[in-house]
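data37.pdb follows; it contains PDB, C-alpha atoms.
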```
MODEL        1
ATOM      1  CA  MET A   1     -24.845 -31.760  -6.459  1.00  0.00           C
ATOM      2  CA  GLY A   2     -27.934 -29.938  -5.229  1.00  0.00           C
ATOM      3  CA  ALA A   3     -28.439 -26.181  -5.450  1.00  0.00           C
ATOM      4  CA  SER A   4     -27.684 -25.800  -1.733  1.00  0.00           C
ATOM      5  CA  ASP A   5     -24.308 -27.519  -2.271  1.00  0.00           C
ATOM      6  CA  ASP A   6     -23.224 -25.161  -5.055  1.00  0.00           C
ATOM      7  CA  PRO A   7     -20.819 -22.606  -3.546  1.00  0.00           C
ATOM      8  CA  ARG A   8     -21.790 -20.054  -6.184  1.00  0.00           C
ATOM      9  CA  VAL A   9     -25.429 -20.253  -5.112  1.00  0.00           C
ATOM     10  CA  SER A  10     -24.448 -19.783  -1.475  1.00  0.00           C
ATOM     11  CA  ARG A  11     -22.208 -16.880  -2.488  1.00  0.00           C
ATOM     12  CA  ARG A  12     -24.940 -15.141  -4.501  1.00  0.00           C
ATOM     13  CA  LEU A  13     -27.299 -15.395  -1.544  1.00  0.00           C
ATOM     14  CA  THR A  14     -24.654 -13.816   0.662  1.00  0.00           C
ATOM     15  CA  ILE A  15     -24.231 -10.949  -1.781  1.00  0.00           C
ATOM     16  CA  ALA A  16     -28.023 -10.694  -2.026  1.00  0.00           C
ATOM     17  CA  GLU A  17     -28.231 -10.306   1.742  1.00  0.00           C
ATOM     18  CA  LEU A  18     -25.551  -7.627   1.592  1.00  0.00           C
ATOM     19  CA  ALA A  19     -27.489  -5.849  -1.157  1.00  0.00           C
ATOM     20  CA  GLY A  20     -30.625  -5.928   0.943  1.00  0.00           C
ATOM     21  CA  GLN A  21     -28.870  -4.674   4.047  1.00  0.00           C
ATOM     22  CA  PHE A  22     -27.320  -1.678   2.275  1.00  0.00           C
ATOM     23  CA  GLN A  23     -29.981  -1.188  -0.413  1.00  0.00           C
ATOM     24  CA  LEU A  24     -27.552  -1.748  -3.261  1.00  0.00           C
ATOM     25  CA  SER A  25     -28.741  -1.588  -6.844  1.00  0.00           C
ATOM     26  CA  ALA A  26     -28.738  -4.706  -9.004  1.00  0.00           C
ATOM     27  CA  GLU A  27     -25.697  -3.349 -10.871  1.00  0.00           C
ATOM     28  CA  GLN A  28     -23.803  -2.723  -7.642  1.00  0.00           C
ATOM     29  CA  ALA A  29     -24.652  -6.201  -6.352  1.00  0.00           C
ATOM     30  CA  GLN A  30     -23.388  -7.742  -9.594  1.00  0.00           C
ATOM     31  CA  ARG A  31     -20.136  -5.805  -9.304  1.00  0.00           C
ATOM     32  CA  PHE A  32     -19.634  -7.076  -5.771  1.00  0.00           C
ATOM     33  CA  GLU A  33     -20.314 -10.600  -7.050  1.00  0.00           C
ATOM     34  CA  SER A  34     -17.651 -10.197  -9.740  1.00  0.00           C
ATOM     35  CA  TYR A  35     -15.238  -8.644  -7.244  1.00  0.00           C
ATOM     36  CA  LEU A  36     -15.737 -11.571  -4.876  1.00  0.00           C
ATOM     37  CA  ASP A  37     -15.102 -14.082  -7.675  1.00  0.00           C
ATOM     38  CA  LEU A  38     -11.837 -12.347  -8.607  1.00  0.00           C
ATOM     39  CA  LEU A  39     -10.736 -11.987  -5.001  1.00  0.00           C
ATOM     40  CA  VAL A  40     -11.297 -15.660  -4.206  1.00  0.00           C
ATOM     41  CA  ARG A  41      -9.527 -16.840  -7.384  1.00  0.00           C
ATOM     42  CA  TRP A  42      -6.502 -14.559  -7.046  1.00  0.00           C
ATOM     43  CA  ASN A  43      -6.283 -15.189  -3.302  1.00  0.00           C
ATOM     44  CA  ALA A  44      -5.711 -18.873  -4.040  1.00  0.00           C
ATOM     45  CA  ARG A  45      -2.446 -17.913  -5.810  1.00  0.00           C
ATOM     46  CA  MET A  46      -1.242 -14.976  -3.728  1.00  0.00           C
ATOM     47  CA  ASN A  47      -1.840 -13.511  -0.294  1.00  0.00           C
ATOM     48  CA  LEU A  48      -4.390 -10.764  -0.810  1.00  0.00           C
ATOM     49  CA  THR A  49      -6.297 -11.353   2.426  1.00  0.00           C
ATOM     50  CA  ALA A  50      -6.043 -13.850   5.272  1.00  0.00           C
ATOM     51  CA  VAL A  51      -9.840 -14.157   5.163  1.00  0.00           C
ATOM     52  CA  ARG A  52     -10.542 -16.774   2.501  1.00  0.00           C
ATOM     53  CA  ALA A  53     -14.121 -17.995   2.975  1.00  0.00           C
ATOM     54  CA  PRO A  54     -16.459 -16.063   0.634  1.00  0.00           C
ATOM     55  CA  ASP A  55     -19.106 -15.424   3.280  1.00  0.00           C
ATOM     56  CA  GLU A  56     -16.467 -14.094   5.688  1.00  0.00           C
ATOM     57  CA  ILE A  57     -15.056 -11.816   2.982  1.00  0.00           C
ATOM     58  CA  VAL A  58     -18.525 -10.387   2.440  1.00  0.00           C
ATOM     59  CA  GLN A  59     -19.140  -9.879   6.155  1.00  0.00           C
ATOM     60  CA  ARG A  60     -15.722  -8.767   7.369  1.00  0.00           C
ATOM     61  CA  HIS A  61     -14.510  -6.825   4.343  1.00  0.00           C
ATOM     62  CA  PHE A  62     -17.341  -5.774   2.050  1.00  0.00           C
ATOM     63  CA  ALA A  63     -19.837  -4.780   4.763  1.00  0.00           C
ATOM     64  CA  GLU A  64     -17.256  -2.734   6.686  1.00  0.00           C
ATOM     65  CA  CYS A  65     -16.107  -0.944   3.531  1.00  0.00           C
ATOM     66  CA  ILE A  66     -19.651  -0.164   2.372  1.00  0.00           C
ATOM     67  CA  PHE A  67     -20.301   1.307   5.816  1.00  0.00           C
ATOM     68  CA  ALA A  68     -17.231   3.522   5.353  1.00  0.00           C
ATOM     69  CA  ALA A  69     -18.347   4.550   1.856  1.00  0.00           C
ATOM     70  CA  ARG A  70     -21.585   5.836   3.361  1.00  0.00           C
ATOM     71  CA  GLN A  71     -19.643   8.114   5.748  1.00  0.00           C
ATOM     72  CA  ILE A  72     -17.703   9.966   3.039  1.00  0.00           C
ATOM     73  CA  PRO A  73     -18.986  13.551   2.666  1.00  0.00           C
ATOM     74  CA  ARG A  74     -21.046  14.252  -0.443  1.00  0.00           C
ATOM     75  CA  GLU A  75     -18.691  16.972  -1.648  1.00  0.00           C
ATOM     76  CA  VAL A  76     -15.774  14.518  -2.035  1.00  0.00           C
ATOM     77  CA  LYS A  77     -14.899  14.057  -5.718  1.00  0.00           C
ATOM     78  CA  THR A  78     -11.414  12.500  -5.503  1.00  0.00           C
ATOM     79  CA  LEU A  79     -10.168   9.862  -3.071  1.00  0.00           C
ATOM     80  CA  LEU A  80      -6.849   8.120  -2.439  1.00  0.00           C
ATOM     81  CA  ASP A  81      -6.956   4.592  -1.013  1.00  0.00           C
ATOM     82  CA  PHE A  82      -3.555   4.455   0.705  1.00  0.00           C
ATOM     83  CA  GLY A  83      -1.996   0.960   0.700  1.00  0.00           C
ATOM     84  CA  SER A  84      -4.999  -0.494  -1.083  1.00  0.00           C
ATOM     85  CA  GLY A  85      -3.868  -4.143  -1.010  1.00  0.00           C
ATOM     86  CA  ALA A  86      -6.876  -6.189  -2.121  1.00  0.00           C
ATOM     87  CA  GLY A  87      -8.764  -2.986  -2.890  1.00  0.00           C
ATOM     88  CA  LEU A  88     -10.308  -2.485   0.532  1.00  0.00           C
ATOM     89  CA  PRO A  89     -11.951  -0.044   0.999  1.00  0.00           C
ATOM     90  CA  GLY A  90     -11.192   1.580  -2.373  1.00  0.00           C
ATOM     91  CA  ILE A  91     -13.037  -0.878  -4.622  1.00  0.00           C
ATOM     92  CA  PRO A  92     -16.255  -0.922  -2.536  1.00  0.00           C
ATOM     93  CA  ILE A  93     -16.139   2.885  -2.436  1.00  0.00           C
ATOM     94  CA  ALA A  94     -15.795   3.021  -6.227  1.00  0.00           C
ATOM     95  CA  ILE A  95     -18.780   0.664  -6.543  1.00  0.00           C
ATOM     96  CA  CYS A  96     -21.007   2.456  -4.037  1.00  0.00           C
ATOM     97  CA  ARG A  97     -19.938   6.042  -4.798  1.00  0.00           C
ATOM     98  CA  PRO A  98     -19.359   6.147  -8.581  1.00  0.00           C
ATOM     99  CA  GLU A  99     -19.236   9.944  -8.536  1.00  0.00           C
ATOM    100  CA  ILE A 100     -15.890   9.730  -6.699  1.00  0.00           C
ATOM    101  CA  ARG A 101     -12.705   9.296  -8.724  1.00  0.00           C
ATOM    102  CA  VAL A 102     -10.783   6.683  -6.705  1.00  0.00           C
ATOM    103  CA  THR A 103      -7.012   6.202  -6.870  1.00  0.00           C
ATOM    104  CA  LEU A 104      -5.840   2.819  -5.550  1.00  0.00           C
ATOM    105  CA  ALA A 105      -2.282   3.192  -4.284  1.00  0.00           C
ATOM    106  CA  GLU A 106      -0.479  -0.158  -4.026  1.00  0.00           C
ATOM    107  CA  SER A 107       3.289  -0.481  -4.458  1.00  0.00           C
ATOM    108  CA  GLN A 108       3.439  -4.308  -4.583  1.00  0.00           C
ATOM    109  CA  GLY A 109       3.393  -5.307  -8.254  1.00  0.00           C
ATOM    110  CA  LYS A 110       1.228  -8.435  -7.986  1.00  0.00           C
ATOM    111  CA  LYS A 111      -1.393  -6.707  -5.887  1.00  0.00           C
ATOM    112  CA  ALA A 112      -1.400  -3.740  -8.267  1.00  0.00           C
ATOM    113  CA  ALA A 113      -1.980  -6.173 -11.153  1.00  0.00           C
ATOM    114  CA  PHE A 114      -4.950  -7.620  -9.281  1.00  0.00           C
ATOM    115  CA  LEU A 115      -6.386  -4.150  -8.746  1.00  0.00           C
ATOM    116  CA  ARG A 116      -6.066  -3.331 -12.446  1.00  0.00           C
ATOM    117  CA  GLU A 117      -7.911  -6.536 -13.300  1.00  0.00           C
ATOM    118  CA  VAL A 118     -10.722  -5.630 -10.901  1.00  0.00           C
ATOM    119  CA  VAL A 119     -11.006  -2.093 -12.276  1.00  0.00           C
ATOM    120  CA  ARG A 120     -11.071  -3.416 -15.852  1.00  0.00           C
ATOM    121  CA  THR A 121     -13.537  -6.241 -15.206  1.00  0.00           C
ATOM    122  CA  LEU A 122     -15.941  -4.138 -13.163  1.00  0.00           C
ATOM    123  CA  GLY A 123     -15.631  -1.046 -15.365  1.00  0.00           C
ATOM    124  CA  LEU A 124     -14.929   1.232 -12.418  1.00  0.00           C
ATOM    125  CA  GLN A 125     -14.111   4.929 -12.328  1.00  0.00           C
ATOM    126  CA  ALA A 126     -10.757   4.266 -10.697  1.00  0.00           C
ATOM    127  CA  GLU A 127      -7.023   4.210 -11.381  1.00  0.00           C
ATOM    128  CA  VAL A 128      -4.125   2.255  -9.893  1.00  0.00           C
ATOM    129  CA  TRP A 129      -0.946   3.944  -8.646  1.00  0.00           C
ATOM    130  CA  ASP A 130       1.662   1.171  -8.473  1.00  0.00           C
ATOM    131  CA  ARG A 131       4.377   3.042  -6.603  1.00  0.00           C
ATOM    132  CA  ARG A 132       4.712   4.478  -3.126  1.00  0.00           C
ATOM    133  CA  VAL A 133       2.433   7.366  -2.276  1.00  0.00           C
ATOM    134  CA  GLU A 134       5.514   9.474  -1.490  1.00  0.00           C
ATOM    135  CA  GLN A 135       6.496   9.200  -5.179  1.00  0.00           C
ATOM    136  CA  MET A 136       3.375  10.942  -6.432  1.00  0.00           C
ATOM    137  CA  PRO A 137       3.931  14.373  -7.985  1.00  0.00           C
ATOM    138  CA  PRO A 138       4.003  16.954  -5.169  1.00  0.00           C
ATOM    139  CA  GLU A 139       0.991  18.797  -6.563  1.00  0.00           C
ATOM    140  CA  ARG A 140      -1.318  15.774  -6.409  1.00  0.00           C
ATOM    141  CA  SER A 141      -3.886  16.055  -3.634  1.00  0.00           C
ATOM    142  CA  PHE A 142      -7.268  14.505  -2.889  1.00  0.00           C
ATOM    143  CA  ASP A 143     -10.525  15.441  -1.230  1.00  0.00           C
ATOM    144  CA  ALA A 144     -10.262  12.326   0.944  1.00  0.00           C
ATOM    145  CA  VAL A 145      -7.747   9.625   1.890  1.00  0.00           C
ATOM    146  CA  THR A 146      -8.651   6.215   3.318  1.00  0.00           C
ATOM    147  CA  LEU A 147      -6.423   3.763   5.220  1.00  0.00           C
ATOM    148  CA  ARG A 148      -7.314   0.233   6.273  1.00  0.00           C
ATOM    149  CA  ALA A 149      -5.044  -2.565   7.537  1.00  0.00           C
ATOM    150  CA  VAL A 150      -1.826  -0.779   6.539  1.00  0.00           C
ATOM    151  CA  ASP A 151       1.499  -1.345   8.283  1.00  0.00           C
ATOM    152  CA  LYS A 152       2.537   1.369  10.747  1.00  0.00           C
ATOM    153  CA  MET A 153      -0.859   3.070  10.629  1.00  0.00           C
ATOM    154  CA  ALA A 154       0.175   6.219  12.505  1.00  0.00           C
ATOM    155  CA  GLU A 155       3.174   6.765  10.235  1.00  0.00           C
ATOM    156  CA  ALA A 156       1.000   6.165   7.168  1.00  0.00           C
ATOM    157  CA  CYS A 157      -1.557   8.686   8.419  1.00  0.00           C
ATOM    158  CA  ARG A 158       1.173  11.308   8.757  1.00  0.00           C
ATOM    159  CA  THR A 159       2.284  10.619   5.190  1.00  0.00           C
ATOM    160  CA  ALA A 160      -1.325  10.805   4.029  1.00  0.00           C
ATOM    161  CA  LEU A 161      -1.752  14.316   5.452  1.00  0.00           C
ATOM    162  CA  ALA A 162       0.412  15.728   2.669  1.00  0.00           C
ATOM    163  CA  ARG A 163      -2.041  14.342   0.100  1.00  0.00           C
ATOM    164  CA  ILE A 164      -5.213  15.785   1.608  1.00  0.00           C
ATOM    165  CA  ALA A 165      -6.453  19.052   0.121  1.00  0.00           C
ATOM    166  CA  ALA A 166      -7.376  21.872   2.487  1.00  0.00           C
ATOM    167  CA  GLY A 167     -10.753  21.061   3.980  1.00  0.00           C
ATOM    168  CA  GLY A 168     -10.398  17.445   2.893  1.00  0.00           C
ATOM    169  CA  CYS A 169     -10.850  14.440   5.140  1.00  0.00           C
ATOM    170  CA  LEU A 170      -9.009  11.343   6.288  1.00  0.00           C
ATOM    171  CA  LEU A 171     -10.813   8.105   7.152  1.00  0.00           C
ATOM    172  CA  ALA A 172      -8.860   5.468   9.041  1.00  0.00           C
ATOM    173  CA  PHE A 173      -9.994   2.015  10.141  1.00  0.00           C
ATOM    174  CA  ALA A 174      -8.737   1.674  13.703  1.00  0.00           C
ATOM    175  CA  THR A 175      -9.383  -0.256  16.893  1.00  0.00           C
ATOM    176  CA  ARG A 176      -9.946   0.989  20.414  1.00  0.00           C
ATOM    177  CA  ALA A 177      -6.319  -0.005  21.095  1.00  0.00           C
ATOM    178  CA  THR A 178      -4.834   1.998  18.188  1.00  0.00           C
ATOM    179  CA  GLU A 179      -7.184   4.998  18.456  1.00  0.00           C
ATOM    180  CA  PRO A 180      -5.159   6.965  21.073  1.00  0.00           C
ATOM    181  CA  GLU A 181      -1.974   6.902  18.976  1.00  0.00           C
ATOM    182  CA  LEU A 182      -3.794   8.140  15.889  1.00  0.00           C
ATOM    183  CA  ARG A 183      -5.484  10.946  17.793  1.00  0.00           C
ATOM    184  CA  ARG A 184      -2.074  12.261  18.840  1.00  0.00           C
ATOM    185  CA  ILE A 185      -1.302  13.088  15.205  1.00  0.00           C
ATOM    186  CA  GLY A 186      -1.373  16.867  14.763  1.00  0.00           C
ATOM    187  CA  GLY A 187      -2.347  19.065  11.845  1.00  0.00           C
ATOM    188  CA  ILE A 188      -5.827  17.625  11.510  1.00  0.00           C
ATOM    189  CA  ALA A 189      -9.085  17.858  13.487  1.00  0.00           C
ATOM    190  CA  TRP A 190     -10.244  14.422  14.629  1.00  0.00           C
ATOM    191  CA  GLN A 191     -13.950  13.724  14.900  1.00  0.00           C
ATOM    192  CA  GLU A 192     -15.692  11.274  17.213  1.00  0.00           C
ATOM    193  CA  GLY A 193     -15.026   7.678  16.117  1.00  0.00           C
ATOM    194  CA  LEU A 194     -17.864   5.572  14.730  1.00  0.00           C
ATOM    195  CA  PRO A 195     -18.162   1.933  15.872  1.00  0.00           C
ATOM    196  CA  ILE A 196     -17.955  -0.373  12.863  1.00  0.00           C
ATOM    197  CA  PRO A 197     -21.097  -2.543  12.731  1.00  0.00           C
ATOM    198  CA  GLY A 198     -20.411  -6.191  13.488  1.00  0.00           C
ATOM    199  CA  SER A 199     -16.997  -5.483  15.038  1.00  0.00           C
ATOM    200  CA  GLU A 200     -16.381  -5.435  18.779  1.00  0.00           C
ATOM    201  CA  GLN A 201     -13.222  -3.304  18.659  1.00  0.00           C
ATOM    202  CA  GLY A 202     -13.328  -1.683  15.219  1.00  0.00           C
ATOM    203  CA  LEU A 203     -13.699   2.079  14.825  1.00  0.00           C
ATOM    204  CA  LEU A 204     -13.888   4.333  11.794  1.00  0.00           C
ATOM    205  CA  LEU A 205     -11.962   7.482  12.623  1.00  0.00           C
ATOM    206  CA  SER A 206     -12.388  10.591  10.532  1.00  0.00           C
ATOM    207  CA  ALA A 207     -10.583  13.906  10.571  1.00  0.00           C
ATOM    208  CA  VAL A 208     -10.673  17.132   8.598  1.00  0.00           C
ATOM    209  CA  ARG A 209      -7.605  19.013   7.450  1.00  0.00           C
ATOM    210  CA  GLY A 210      -7.742  22.738   8.049  1.00  0.00           C
TER     211      GLY A 210
ENDMDL
END
```

As structure tokens - that is how I would like this structure written.
Amino acid sequence: MGASDDPRVSRRLTIAELAGQFQLSAEQAQRFESYLDLLVRWNARMNLTAVRAPDEIVQRHFAECIFAARQIPREVKTLLDFGSGAGLPGIPIAICRPEIRVTLAESQGKKAAFLREVVRTLGLQAEVWDRRVEQMPPERSFDAVTLRAVDKMAEACRTALARIAAGGCLLAFATRATEPELRRIGGIAWQEGLPIPGSEQGLLLSAVRG
């Protein structure tokens, strides 16, 4: 087998291109490489993401989540990734913004186990909450909450509001079709949506809680 036939070589080049595009450090690039390895291996045994090709994972998941990480205000120190699933966008945020303490909320046991393995292997400043967000102690709040590919997005956003500290922000991955419903949610000031690079319909919506 030649070097060009080795999937690991192809995968490293894809991560290298990602690192160049977003000016990632060598340590960050290596963490994304390790994350990709874990995601591909675990995804073969359980349904973490419908996207299975490594290069598509990098393009459709990692790049979008790094873009979101760059939009988080500098003053954010704690973040809740609501319905984290495969760790998207929480894991990329923890890699790219190590100053933020990330909580990965995932109530499905197998997915929570995967997230713990990622956090342990990558040595991230993150924790896993393996129950529903509604079961968190009432006093727990965060500077920011992220939501991506969760069921009943509008309902989840309403639940998330209770976890956002005053002046904190919500970031939701939406589409042009789902944007109007989310903007009807009260109690929070929506900002202009940002088109997600590489996506025709994808938008990153942000809002600030008063």

Determine the residue membership of the PyMOL selection byres ((chain A and resi 80-88) around 9) for the file above and supply it as number ranges by chain. A: 39, 48-49, 61-62, 65, 78-79, 89-93, 101-108, 111-112, 114-115, 118, 132-133, 141-151, 156, 160, 163-164

Would you write out, as a ChimeraX atom specification, every residue that the PyMOL selection byres ((chain A and resi 22) around 12) captures in this file? /A:15-21,23-26,28-29,62-70,96

Å distance separating CA of Gln59 (chain A) from CA of Val40 (chain A), one decimal place: 14.2 Å

Would you write out, as CSV, a table of all residues in region 108-178 of chain A that have an atom no more than 10 Å from an atom of region 184-197 of chain A, listing for each the closest atom pair and the distance in Å to one decimal, considering only C-alpha atoms and ordering rows by chain and rising residue number?
```
residue,atom,partner,partner_atom,distance
A:Ala154,CA,A:Ile185,CA,7.5
A:Glu155,CA,A:Ile185,CA,9.2
A:Cys157,CA,A:Ile185,CA,8.1
A:Arg158,CA,A:Ile185,CA,7.1
A:Leu161,CA,A:Gly187,CA,8.0
A:Gly167,CA,A:Ile188,CA,9.6
A:Gly168,CA,A:Ile188,CA,9.8
A:Cys169,CA,A:Ile188,CA,8.7
A:Leu170,CA,A:Ile188,CA,8.8
A:Leu171,CA,A:Trp190,CA,9.8
A:Ala172,CA,A:Gly193,CA,9.6
A:Phe173,CA,A:Ile196,CA,8.7
A:Ala174,CA,A:Gly193,CA,9.0
A:Thr175,CA,A:Pro195,CA,9.1
A:Arg176,CA,A:Gly193,CA,9.4
```

Do a neighbour search on Thr14 (chain A) at 10 Å with only C-alpha atoms, toss out local chain neighbours closer than 6 positions, and write the hits as a PyMOL selection string. chain A and resi 8+20+33+54-56+58-59

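Between Asp130 (chain A) and the candidates A:Gly109, A:Met46, A:Glu117, A:Leu36, the tightest atom-to-atom separation, counting all atoms listed in the file, involves A:Gly109.
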
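Look at Gln125 (chain A): the protein and nucleic acid residues within 9 Å of it, using only C-alpha atoms and passing over chain neighbours fewer than 4 places away, are Ala94, Ile95, Pro98, Glu99, Ile100, Arg101, Val102 and Val119 of chain A.
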
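Here the question is which of A:Ala162, A:Leu182, A:Ala44, A:Ala113 gets nearest to Pro137 (chain A) using all atoms listed in the file, and that residue is A:Ala162.
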
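With all atoms listed in the file as the basis for measurement, A:Glu200 is the residue among A:Arg140, A:Leu205, A:Gly210, A:Glu200 that approaches Arg60 (chain A) most closely.
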
Give, as AutoDock Vina command-line options, the centre coordinates and the x, y and z edge lengths in Å to one decimal for an axis-aligned box around all listed atoms of region 53-70 of chain A, padded by 8 Å on each side.
```
--center_x -17.9 --center_y -6.1 --center_z 4.0 --size_x 23.5 --size_y 39.8 --size_z 22.7
```

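Coordinates place CA of Met136 (chain A) at a distance of 29.0 Å from CA of Arg31 (chain A).
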
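Distances to Arg116 (chain A) were evaluated for A:Gly202, A:Asp37, A:Val128, A:Val51 using all atoms listed in the file, and the minimum falls at A:Val128.
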
Expressed in Å to a single decimal, how great is the separation between CA of Glu75 (chain A) and CA of Ala165 (chain A)? 12.5 Å

Here is a test: counting only C-alpha atoms, which residue of A:Glu181, A:Ile57, A:Glu139, A:Arg131 is nearest to Asn43 (chain A)? A:Ile57
